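Reproduced below: final29.txt, with compact mmCIF, C-alpha atoms.
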# COMPACT_ATOMS: atom_id res chain seq x y z
CA MET A 1 -3.60 17.40 5.56
CA ASP A 2 -4.34 19.02 2.23
CA THR A 3 -4.24 15.93 0.04
CA GLN A 4 -5.98 17.68 -2.84
CA ARG A 5 -3.18 20.13 -3.48
CA GLN A 6 -0.24 17.76 -3.32
CA LYS A 7 0.87 16.54 -6.74
CA HIS A 8 1.18 12.78 -6.97
CA LEU A 9 4.80 11.61 -6.85
CA VAL A 10 4.43 10.15 -10.35
CA LEU A 11 3.52 13.61 -11.66
CA ILE A 12 6.46 15.19 -9.84
CA LEU A 13 8.76 12.62 -11.42
CA ALA A 14 7.12 13.07 -14.84
CA ARG A 15 7.70 16.81 -14.63
CA GLU A 16 11.34 16.25 -13.72
CA PHE A 17 11.67 13.78 -16.59
CA ALA A 18 10.07 16.23 -19.04
CA SER A 19 12.16 19.15 -17.84
CA SER A 20 15.31 17.12 -18.58
CA LEU A 21 14.30 16.32 -22.18
CA SER A 22 15.16 18.20 -25.34
CA THR A 23 12.01 16.70 -26.87
CA PRO A 24 8.95 18.90 -26.37
CA ALA A 25 6.70 17.35 -23.71
CA LEU A 26 3.91 18.26 -21.33
CA VAL A 27 2.33 16.75 -18.24
CA ALA A 28 -1.36 16.90 -17.33
CA ASP A 29 -3.18 15.49 -14.31
CA ALA A 30 -6.11 13.06 -14.23
CA ARG A 31 -8.62 15.95 -14.34
CA GLY A 32 -7.13 17.06 -17.65
CA TYR A 33 -5.32 20.08 -16.25
CA LEU A 34 -2.10 21.12 -17.92
CA LEU A 35 0.49 21.08 -15.13
CA PHE A 36 3.74 21.67 -16.94
CA TYR A 37 5.43 21.86 -20.30
CA ASN A 38 9.16 21.92 -20.85
CA GLU A 39 11.47 24.45 -22.48
CA ALA A 40 11.55 22.46 -25.71
CA ALA A 41 7.74 22.67 -25.87
CA GLU A 42 7.92 26.40 -25.26
CA ALA A 43 9.75 26.68 -28.57
CA VAL A 44 6.95 24.77 -30.33
CA VAL A 45 4.00 26.56 -28.79
CA GLY A 46 5.67 29.97 -28.82
CA ARG A 47 4.82 30.75 -25.21
CA ARG A 48 6.63 30.19 -21.92
CA PHE A 49 5.01 27.95 -19.33
CA ALA A 50 5.36 30.69 -16.73
CA GLU A 51 3.00 32.82 -18.85
CA THR A 52 0.47 30.01 -19.14
CA GLY A 53 0.32 28.38 -15.71
CA GLU A 54 -1.98 25.50 -14.85
CA MET A 55 -5.15 25.41 -16.95
CA PRO A 56 -7.51 22.92 -18.63
CA LEU A 57 -5.47 21.13 -21.27
CA GLU A 58 -8.35 21.19 -23.72
CA ASP A 59 -8.56 24.99 -23.61
CA TRP A 60 -4.84 25.30 -24.05
CA LEU A 61 -4.64 22.88 -26.98
CA ALA A 62 -7.58 24.55 -28.74
CA THR A 63 -5.63 27.79 -29.00
CA PHE A 64 -3.31 26.08 -31.48
CA GLU A 65 -6.15 25.17 -33.87
CA PRO A 66 -5.13 21.56 -34.39
CA ARG A 67 -6.01 20.33 -37.88
CA THR A 68 -5.10 17.54 -40.23
CA VAL A 69 -2.43 17.96 -42.85
CA ALA A 70 -5.38 18.45 -45.25
CA SER A 71 -6.49 21.38 -43.04
CA GLU A 72 -9.58 19.60 -41.65
CA PRO A 73 -10.30 20.46 -37.97
CA ILE A 74 -9.60 17.64 -35.55
CA PRO A 75 -12.42 17.11 -33.05
CA PRO A 76 -11.20 17.04 -29.43
CA GLU A 77 -12.15 13.40 -28.97
CA ASN A 78 -9.77 12.40 -31.78
CA ARG A 79 -6.77 14.20 -30.32
CA PRO A 80 -4.15 12.01 -28.62
CA ALA A 81 -4.26 13.90 -25.31
CA ARG A 82 -8.05 13.51 -25.08
CA ILE A 83 -7.84 9.82 -25.92
CA ALA A 84 -5.15 9.25 -23.28
CA LEU A 85 -7.25 11.09 -20.71
CA ASP A 86 -10.67 9.65 -21.52
CA GLU A 87 -9.83 6.17 -22.70
CA ARG A 88 -6.60 5.80 -20.70
CA ARG A 89 -4.66 4.35 -23.59
CA PRO A 90 -1.76 5.60 -25.69
CA SER A 91 -2.47 7.47 -28.88
CA HIS A 92 -0.45 8.99 -31.70
CA LEU A 93 -1.36 11.41 -34.49
CA ARG A 94 0.30 13.68 -37.04
CA TYR A 95 -1.29 17.10 -37.33
CA VAL A 96 -0.76 20.79 -37.94
CA VAL A 97 -0.86 23.56 -35.34
CA THR A 98 -0.45 27.29 -35.36
CA SER A 99 1.79 28.42 -32.53
CA ALA A 100 1.18 31.47 -30.40
CA ASP A 101 3.84 33.25 -32.45
CA GLY A 102 1.73 32.64 -35.60
CA VAL A 103 4.01 30.00 -37.10
CA GLU A 104 2.32 26.97 -38.67
CA ARG A 105 4.00 23.70 -37.69
CA GLU A 106 3.46 20.10 -38.66
CA ILE A 107 3.99 17.87 -35.65
CA GLU A 108 3.44 14.32 -34.49
CA VAL A 109 1.92 13.90 -31.08
CA THR A 110 2.17 10.89 -28.76
CA ALA A 111 0.13 10.83 -25.56
CA PHE A 112 0.15 8.08 -22.96
CA PRO A 113 -1.51 7.56 -19.59
CA LEU A 114 0.32 7.36 -16.26
CA PHE A 115 -0.82 4.70 -13.83
CA ALA A 116 0.72 4.70 -10.35
CA HIS A 117 -1.02 1.38 -9.80
CA THR A 118 -3.11 -0.56 -12.27
CA ASP A 119 -6.25 1.02 -10.84
CA GLN A 120 -4.80 4.46 -10.12
CA PHE A 121 -4.72 6.80 -13.10
CA VAL A 122 -2.84 9.98 -12.19
CA GLY A 123 -2.38 11.84 -15.47
CA ILE A 124 -0.80 11.83 -18.91
CA VAL A 125 2.39 12.75 -20.70
CA VAL A 126 2.19 14.25 -24.19
CA ILE A 127 5.25 14.34 -26.44
CA PHE A 128 5.49 16.48 -29.56
CA TRP A 129 7.74 15.22 -32.34
CA ARG A 130 8.74 17.99 -34.69
CA SER A 131 8.77 17.01 -38.32
CA MET B 1 -4.21 15.59 22.79
CA ALA B 2 -0.42 15.85 22.87
CA LEU B 3 1.70 13.55 20.73
CA ARG B 4 4.44 11.78 22.61
CA LEU B 5 7.06 9.80 20.78
CA LYS B 6 10.17 7.82 21.57
CA ILE B 7 13.01 7.14 19.17
CA TRP B 8 14.24 3.53 19.31
CA GLY B 9 16.52 3.77 16.27
CA CYS B 10 17.64 6.60 13.99
CA ARG B 11 20.71 5.25 12.18
CA GLY B 12 20.53 4.99 8.40
CA SER B 13 21.33 2.15 6.02
CA VAL B 14 22.88 -0.39 8.38
CA PRO B 15 23.23 -0.78 12.17
CA ALA B 16 26.34 0.90 13.50
CA PRO B 17 27.02 -0.22 17.07
CA GLY B 18 30.27 0.69 18.79
CA PRO B 19 32.00 3.23 20.99
CA GLN B 20 31.75 5.93 18.30
CA THR B 21 27.93 5.84 18.25
CA VAL B 22 27.00 5.37 21.88
CA THR B 23 25.33 8.77 22.29
CA HIS B 24 23.10 8.83 19.22
CA GLY B 25 22.77 5.09 18.82
CA GLY B 26 23.49 2.50 16.19
CA ASN B 27 20.07 0.94 15.66
CA THR B 28 18.18 1.61 12.45
CA SER B 29 14.86 3.41 12.09
CA CYS B 30 12.11 2.81 14.62
CA VAL B 31 9.90 5.38 16.34
CA GLU B 32 7.14 4.69 18.84
CA VAL B 33 4.21 7.04 19.10
CA MET B 34 3.14 6.43 22.67
CA LEU B 35 -0.52 5.51 23.06
CA GLY B 36 -0.62 3.84 26.47
CA ASP B 37 -0.01 0.27 27.51
CA GLU B 38 -2.83 -1.53 25.67
CA GLU B 39 -1.99 -0.45 22.13
CA ALA B 40 1.15 0.71 20.38
CA LEU B 41 1.78 2.73 17.24
CA VAL B 42 5.19 2.10 15.70
CA LEU B 43 6.86 3.71 12.70
CA ASP B 44 9.29 1.40 10.90
CA ALA B 45 10.83 -1.88 11.96
CA GLY B 46 14.56 -1.23 11.82
CA THR B 47 16.74 -2.90 14.43
CA GLY B 48 15.48 -0.43 17.04
CA ILE B 49 12.22 -2.36 17.13
CA ARG B 50 13.89 -5.33 18.84
CA ALA B 51 14.30 -3.51 22.17
CA LEU B 52 10.88 -1.89 21.74
CA GLY B 53 9.33 -5.35 21.35
CA VAL B 54 10.80 -6.52 24.64
CA ASP B 55 9.47 -3.38 26.30
CA LEU B 56 5.98 -3.79 24.79
CA LEU B 57 5.69 -7.32 26.12
CA ARG B 58 6.83 -6.12 29.53
CA ARG B 59 4.08 -3.49 29.41
CA GLY B 60 1.50 -6.10 28.40
CA THR B 61 0.70 -4.49 25.04
CA ARG B 62 -1.39 -6.88 22.94
CA ARG B 63 -2.32 -4.81 19.91
CA ILE B 64 0.32 -3.14 17.75
CA HIS B 65 -0.07 -0.96 14.66
CA LEU B 66 3.16 -0.96 12.67
CA PHE B 67 3.56 1.52 9.80
CA LEU B 68 6.43 0.87 7.39
CA THR B 69 7.74 3.67 5.19
CA HIS B 70 9.31 1.16 2.80
CA LEU B 71 10.88 -2.25 2.69
CA HIS B 72 14.58 -1.49 2.45
CA LEU B 73 16.33 -3.76 4.93
CA ASP B 74 17.24 -1.07 7.43
CA HIS B 75 13.50 -0.43 7.92
CA VAL B 76 12.31 -4.03 8.24
CA GLU B 77 15.21 -6.10 9.50
CA GLY B 78 14.09 -5.86 13.12
CA LEU B 79 10.65 -7.30 12.37
CA ARG B 80 11.84 -10.90 12.49
CA PHE B 81 13.25 -10.29 15.97
CA PHE B 82 10.29 -8.29 17.25
CA ALA B 83 9.29 -10.34 20.30
CA PRO B 84 5.52 -9.64 20.07
CA ILE B 85 5.20 -11.54 16.77
CA TRP B 86 6.35 -14.68 18.57
CA ASP B 87 3.51 -14.30 21.10
CA GLU B 88 0.19 -15.84 20.09
CA GLY B 89 -1.71 -13.37 22.22
CA VAL B 90 -0.62 -10.40 20.11
CA THR B 91 -2.35 -8.84 17.12
CA LEU B 92 -0.01 -6.99 14.79
CA GLU B 93 -1.48 -4.78 12.06
CA VAL B 94 1.17 -3.96 9.49
CA TRP B 95 0.65 -1.04 7.13
CA GLY B 96 3.04 -0.26 4.32
CA PRO B 97 3.55 0.43 0.64
CA ARG B 98 2.48 -1.98 -2.02
CA SER B 99 4.55 -2.03 -5.18
CA PRO B 100 2.90 -1.30 -8.55
CA VAL B 101 2.30 -5.05 -8.89
CA LEU B 102 2.56 -6.69 -5.46
CA GLY B 103 0.71 -6.15 -2.21
CA LEU B 104 2.53 -5.50 1.07
CA ARG B 105 1.99 -9.05 2.35
CA GLU B 106 3.65 -10.69 -0.67
CA ARG B 107 6.53 -8.23 -0.50
CA ILE B 108 7.22 -8.82 3.18
CA LEU B 109 6.98 -12.59 2.91
CA ARG B 110 9.98 -12.55 0.59
CA ALA B 111 12.17 -11.29 3.45
CA PHE B 112 10.56 -13.65 5.93
CA SER B 113 11.53 -16.96 4.39
CA PRO B 114 14.64 -19.01 3.54
CA PRO B 115 17.35 -18.27 2.55
CA LEU B 116 17.04 -14.88 4.28
CA PHE B 117 15.52 -16.33 7.46
CA PRO B 118 15.29 -19.90 8.78
CA LEU B 119 11.52 -19.77 9.40
CA ASP B 120 8.52 -19.13 7.19
CA PHE B 121 5.94 -16.54 7.97
CA ARG B 122 3.36 -19.27 8.62
CA ASP B 123 5.40 -20.16 11.73
CA VAL B 124 4.62 -16.79 13.30
CA PRO B 125 2.17 -17.33 16.19
CA ALA B 126 0.88 -13.75 16.50
CA ARG B 127 -2.15 -12.71 14.47
CA VAL B 128 -0.69 -10.53 11.71
CA VAL B 129 -2.83 -8.51 9.31
CA PHE B 130 -1.38 -6.60 6.37
CA HIS B 131 -2.78 -3.39 4.88
CA ASP B 132 -1.62 -1.68 1.69
CA LEU B 133 -0.80 2.01 1.65
CA PRO B 134 -1.32 4.75 0.60
CA ALA B 135 -4.96 4.65 1.62
CA GLY B 136 -7.33 6.95 3.45
CA PRO B 137 -6.23 8.28 6.82
CA TRP B 138 -5.91 5.79 9.68
CA GLN B 139 -7.51 6.99 12.86
CA ALA B 140 -7.34 5.81 16.44
CA ASP B 141 -7.03 7.21 19.90
CA GLY B 142 -7.36 10.83 18.73
CA ILE B 143 -4.65 10.50 16.10
CA SER B 144 -5.07 10.71 12.33
CA LEU B 145 -2.25 9.23 10.32
CA PHE B 146 -1.84 10.20 6.66
CA SER B 147 0.53 8.58 4.19
CA ASP B 148 1.77 9.55 0.76
CA LEU B 149 4.45 8.38 -1.64
CA VAL B 150 7.71 10.34 -1.44
CA LEU B 151 10.90 10.47 -3.43
CA HIS B 152 13.20 7.54 -2.59
CA PRO B 153 14.14 4.51 -4.71
CA GLY B 154 11.23 2.04 -4.78
CA PRO B 155 7.76 2.61 -3.33
CA THR B 156 8.34 4.71 -0.21
CA LEU B 157 5.96 6.53 2.08
CA GLY B 158 6.16 9.47 4.41
CA PHE B 159 3.74 9.80 7.33
CA ARG B 160 1.93 12.69 8.94
CA LEU B 161 0.29 12.29 12.34
CA GLU B 162 -2.20 14.85 13.51
CA THR B 163 -4.03 15.37 16.75
CA GLY B 164 -6.18 18.36 17.55
CA SER B 165 -3.18 20.19 18.92
CA SER B 166 -0.03 18.86 17.31
CA THR B 167 1.42 17.46 14.10
CA LEU B 168 4.35 15.15 13.49
CA ALA B 169 5.83 14.46 10.05
CA TYR B 170 8.07 11.43 9.58
CA LEU B 171 10.15 11.23 6.38
CA PRO B 172 13.23 9.23 7.33
CA ASP B 173 14.30 8.35 3.77
CA HIS B 174 13.66 11.20 1.38
CA GLU B 175 15.50 13.06 -1.36
CA PRO B 176 13.23 15.96 -2.33
CA ALA B 177 16.14 17.87 -3.87
CA LEU B 178 16.13 15.42 -6.77
CA THR B 179 12.99 17.06 -8.16
CA GLY B 180 13.56 20.46 -6.60
CA ILE B 181 12.87 22.40 -3.43
CA ALA B 182 13.90 26.01 -4.03
CA GLY B 183 11.54 27.91 -6.26
CA ARG B 184 8.86 25.20 -6.17
CA SER B 185 5.42 25.66 -4.70
CA THR B 186 4.79 23.20 -1.86
CA ASP B 187 2.46 21.02 -3.95
CA TRP B 188 5.32 20.31 -6.36
CA ILE B 189 7.76 19.34 -3.60
CA SER B 190 7.87 15.65 -2.75
CA GLY B 191 6.40 15.25 0.74
CA GLY B 192 5.24 18.87 0.80
CA ALA B 193 1.71 18.25 2.06
CA LEU B 194 2.86 15.64 4.58
CA ALA B 195 5.26 18.03 6.25
CA ALA B 196 3.43 21.35 5.78
CA GLY B 197 3.36 23.31 9.02
CA ALA B 198 4.38 20.29 11.12
CA ASP B 199 5.32 20.99 14.72
CA LEU B 200 8.05 18.38 14.46
CA LEU B 201 9.63 17.08 11.27
CA LEU B 202 11.79 13.95 11.48
CA HIS B 203 13.69 14.11 8.21
CA ASP B 204 16.53 12.37 6.46
CA ALA B 205 19.82 14.28 6.81
CA GLN B 206 22.26 11.50 6.03
CA PHE B 207 24.86 13.46 4.11
CA LEU B 208 26.95 16.56 4.42
CA ASP B 209 26.60 18.83 1.41
CA GLU B 210 30.10 17.91 0.18
CA GLU B 211 29.20 14.20 0.29
CA TYR B 212 25.90 14.57 -1.53
CA ASP B 213 27.28 15.20 -5.04
CA ALA B 214 28.66 11.66 -5.20
CA LYS B 215 25.39 10.20 -3.91
CA ILE B 216 22.70 11.98 -5.89
CA GLY B 217 19.84 9.59 -6.54
CA TRP B 218 20.60 7.31 -3.60
CA GLY B 219 17.40 8.55 -1.98
CA HIS B 220 18.81 10.56 0.91
CA SER B 221 19.22 14.22 1.76
CA SER B 222 22.12 16.42 2.66
CA VAL B 223 21.74 18.43 5.83
CA ASP B 224 21.48 21.56 3.65
CA ASP B 225 18.56 20.06 1.73
CA ALA B 226 16.87 18.88 4.93
CA VAL B 227 16.98 22.44 6.24
CA ALA B 228 15.79 23.82 2.87
CA PHE B 229 12.88 21.35 2.86
CA SER B 230 11.97 22.20 6.44
CA ARG B 231 11.87 25.91 5.57
CA ALA B 232 9.92 25.34 2.36
CA VAL B 233 7.17 23.45 4.20
CA ASP B 234 7.31 25.79 7.18
CA ALA B 235 7.92 23.08 9.76
CA ARG B 236 8.41 24.42 13.28
CA ARG B 237 11.28 22.16 14.26
CA LEU B 238 13.52 19.83 12.29
CA VAL B 239 14.92 16.65 13.80
CA LEU B 240 17.86 15.30 11.80
CA PHE B 241 17.29 11.59 11.21
CA HIS B 242 18.77 8.58 9.38
CA HIS B 243 22.34 9.17 10.42
CA GLU B 244 25.12 8.00 8.13
CA PRO B 245 26.50 4.75 9.66
CA ASP B 246 30.11 5.95 9.51
CA ARG B 247 29.31 9.23 11.29
CA SER B 248 30.58 9.27 14.88
CA ASP B 249 28.76 11.07 17.69
CA GLN B 250 31.28 13.88 17.44
CA ALA B 251 30.85 14.19 13.69
CA LEU B 252 27.07 14.23 14.11
CA GLU B 253 27.37 17.19 16.43
CA SER B 254 29.20 19.09 13.68
CA LEU B 255 26.35 18.20 11.33
CA GLU B 256 23.88 19.60 13.86
CA ASP B 257 25.94 22.81 14.08
CA ARG B 258 25.74 23.10 10.30
CA ALA B 259 21.96 22.67 10.37
CA ARG B 260 21.61 25.33 13.06
CA GLU B 261 23.83 27.71 11.11
CA LEU B 262 21.65 27.28 8.01
CA THR B 263 18.40 27.64 9.92
CA GLY B 264 19.16 31.03 11.42
CA ASP B 265 17.55 32.64 14.42
CA ASP B 266 14.00 32.94 13.11
CA ARG B 267 13.17 29.27 13.78
CA LEU B 268 13.64 26.68 16.47
CA PRO B 269 17.11 25.17 16.18
CA PRO B 270 17.26 21.73 14.50
CA MET B 271 18.35 18.85 16.67
CA LEU B 272 19.82 15.41 16.15
CA ALA B 273 17.64 12.36 16.62
CA ARG B 274 19.03 10.20 19.38
CA GLU B 275 18.17 6.67 20.43
CA GLY B 276 16.10 6.86 23.61
CA MET B 277 15.00 10.44 22.96
CA VAL B 278 11.44 11.17 24.08
CA VAL B 279 9.65 14.18 22.61
CA GLU B 280 6.27 15.50 23.67
CA LEU B 281 4.44 17.88 21.36
CA ASN B 282 2.02 20.21 23.07
Output the file's structure in the form of structure tokens.
Amino acid sequence: MDTQRQKHLVLILAREFASSLSTPALVADARGYLLFYNEAAEAVVGRRFAETGEMPLEDWLATFEPRTVASEPIPPENRPARIALDERRPSHLRYVVTSADGVEREIEVTAFPLFAHTDQFVGIVVIFWRS
Amino acid sequence: MALRLKIWGCRGSVPAPGPQTVTHGGNTSCVEVMLGDEEALVLDAGTGIRALGVDLLRRGTRRIHLFLTHLHLDHVEGLRFFAPIWDEGVTLEVWGPRSPVLGLRERILRAFSPPLFPLDFRDVPARVVFHDLPAGPWQADGISLFSDLVLHPGPTLGFRLETGSSTLAYLPDHEPALTGIAGRSTDWISGGALAAGADLLLHDAQFLDEEYDAKIGWGHSSVDDAVAFSRAVDARRLVLFHHEPDRSDQALESLEDRARELTGDDRLPPMLAREGMVVELN
């Protein structure tokens, strides 16, 4: 049985949850791979998920040049998604991104870890709150 | 090695004995994977396990591996009346899903004590060992058994049994349509890896399509979705399982006709699970 390819049920449910939301949201797995972002997020990032596909979340987020409201670059380890992945705790931050369509947007980002069991980390959900 | 299995119960939700269900049976989920007389491998402990227990004692079976998909009553209510647990010479290994906070043993003990049952589990004379799933594959007698969580209310598993020559997938309570089947790659379909390429897929087909709309989220599949799932995972043959308790034998045959119609001629025709049915996979 190909256990490596099957998405954990919690991720399947998280994707379904995200796809039903009007709030921009994405789902990444425990390796830090972007698995899905919803239609509302497509409007924020300026690119459809079908064009992106699965890829390392870090690479994908870097394309939006995240920076503070004072235009200082935000190191990866300070970004909510990285904190949720590495430290397995929730994190929240307000910052500025430039979408694929060239539009600069101020957003707030909440990332939180998904544990199927207390010792089984399966991925994260990241929610983007538009200002 | 060929897999040989016997269905001891295939009714869903609640036992449904009576003249309307004589052909396909009224006992709830229980399937035996036949290993020989010394050991037994059993999937689920619905009321079908009561008659199996009597038969196992008759055969002299002393070691039993019981795999539970989940702890809804129709999958465990036979356990208390499973004759081997009342025999001190028997070892019963029970494998099943833990909840996010409780292990399998604690979860089962709740159903095995007053007021739900007159006796406590400590009164059971057999040696009973509990194991939490999902875990790595279980292997014995040339069979590898894999488990994974699938879509159904509460922690619920599906099972895949492999030998060198045949594969059985057992997903008696499963609603993959809730998160999508059509247009999804197999890895995004609940139970996809468990059922991929299976020679025989025992799958939930409790509802007719017209009944399903009122029961979305109950954790069960329509016959249309069972066929769609079977196609999506490229299973060779679908066995329709977990029959609606109100469905008579005659009505079940119409459901089977519907499944065959949907399947088309390019695959083996689906068939209804029936109590007493023996299937050998070569």
Considering all atoms listed in the file, give me a table of residues in chain B that are at most 6 Å from chain A, with the closest atom pair and distance in Å for each, as a Markdown table.
| residue | atom | partner | partner_atom | distance |
| --- | --- | --- | --- | --- |
| B:Pro100 | CA | A:His117 | CA | 4.9 |
| B:Thr179 | CA | A:Glu16 | CA | 5.9 |
| B:Asp187 | CA | A:Gln6 | CA | 4.3 |
| B:Trp188 | CA | A:Lys7 | CA | 5.8 |
| B:Ala193 | CA | A:Gln6 | CA | 5.7 |
Tell me which protein, DNA and RNA residues are within 8 Å of region 67-72 of chain B, counting all atoms listed in the file, leaving out same-chain ones fewer than 3 positions away, and put them as a list in words.
-> Leu41, Val42, Leu43, Asp44, Ala45, His75, Val76, Val94, Trp95, Gly96, Pro97, Ile108, Gly154, Pro155, Thr156, Leu157, Gly158 and Phe159 of chain B
Which value, in Å to one decimal, gives the distance between CA of Ala25 (chain A) and CA of Glu108 (chain A)?
-> 11.7 Å
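Every protein or nucleic acid residue with an atom no more than 10 Å from region 86-93 of chain A, counting all atoms listed in the file and leaving out same-chain residues fewer than 5 positions away, appears here: Ala30, Arg31, Gly32, Thr68, Glu77, Asn78, Arg79, Pro80, Ala81, Ile107, Glu108, Val109, Thr110, Ala111, Phe112, Pro113, Leu114, Phe115, Phe121, Gly123, Ile124, Val125, Val126, Ile127 and Phe128 of chain A.
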Could you check which of A:Pro24, A:Pro66, A:Pro75, A:Pro56 is closest to Arg94 (chain A), using all atoms listed in the file?
->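 Nearest to Arg94 (chain A): A:Pro66.
Excluding region 37-43 of chain A itself and same-chain residues fewer than 4 positions from it, the residues having an atom within 7 Å of it are Ala18, Ser19, Ser22, Thr23, Pro24, Ala25, Leu26, Val27, Arg47, Arg48 and Phe49 of chain A, counting only C-alpha atoms.
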What is the CA of Val44 (chain A) to CA of Ala100 (chain A) distance in Å?
->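 We find that CA of Val44 (chain A) and CA of Ala100 (chain A) lie 8.8 Å from each other.
One distance worth recording is that between CA of Leu202 (chain B) and CA of Leu240 (chain B), which is 6.2 Å.
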Find the spatial neighbours of region 17-32 of chain B, counting all atoms listed in the file, within a cut-off of 9 Å - ignore same-chain residues fewer than 4 positions away - and output them as JSON, numbers by chain.
-> {"B": [4, 5, 6, 7, 8, 9, 10, 11, 12, 13, 40, 41, 42, 43, 44, 45, 46, 47, 48, 49, 52, 74, 75, 76, 77, 78, 172, 241, 242, 243, 245, 246, 247, 248, 249, 250, 252, 272, 273, 274, 275, 276]}
Hey, which of B:Arg127, B:Arg98, B:Arg258, B:His220 ends up closest to Leu151 (chain B)? Count all atoms listed in the file.
->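 When distances to Leu151 (chain B) are compared using all atoms listed in the file, the smallest one comes from B:His220.
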Select, from B:Glu39, B:His131, B:Leu281, B:Leu104, the residue with the minimum atom-to-atom distance to Ser165 (chain B), counting all atoms listed in the file.
->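 Residue with the minimum atom-to-atom distance to Ser165 (chain B): B:Leu281.
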Close residues, Leu168 (chain B) itself excluded, 7 Å, all atoms listed in the file, min 3 positions apart in chain, as a ChimeraX atom specification | /B:160-162,198-201
Per-residue nearest contacts region 118-184 of chain B to region 224-227 of chain B, cut-off 9 Å, using only C-alpha atoms, as a tab-separated table:
residue	atom	partner	partner_atom	distance
B:Glu175	CA	B:Asp225	CA	8.2
B:Pro176	CA	B:Asp225	CA	7.9
B:Ala177	CA	B:Asp225	CA	6.5
B:Ile181	CA	B:Asp225	CA	8.0
Output C-alpha atoms of each residue in that selection to a file, as a PDB file, keeping the file's coordinate frame.
ATOM      1  CA  GLU B 175      15.500  13.060  -1.360  1.00  0.00           C
ATOM      2  CA  PRO B 176      13.230  15.960  -2.330  1.00  0.00           C
ATOM      3  CA  ALA B 177      16.140  17.870  -3.870  1.00  0.00           C
ATOM      4  CA  ILE B 181      12.870  22.400  -3.430  1.00  0.00           C
TER       5      ILE B 181
END
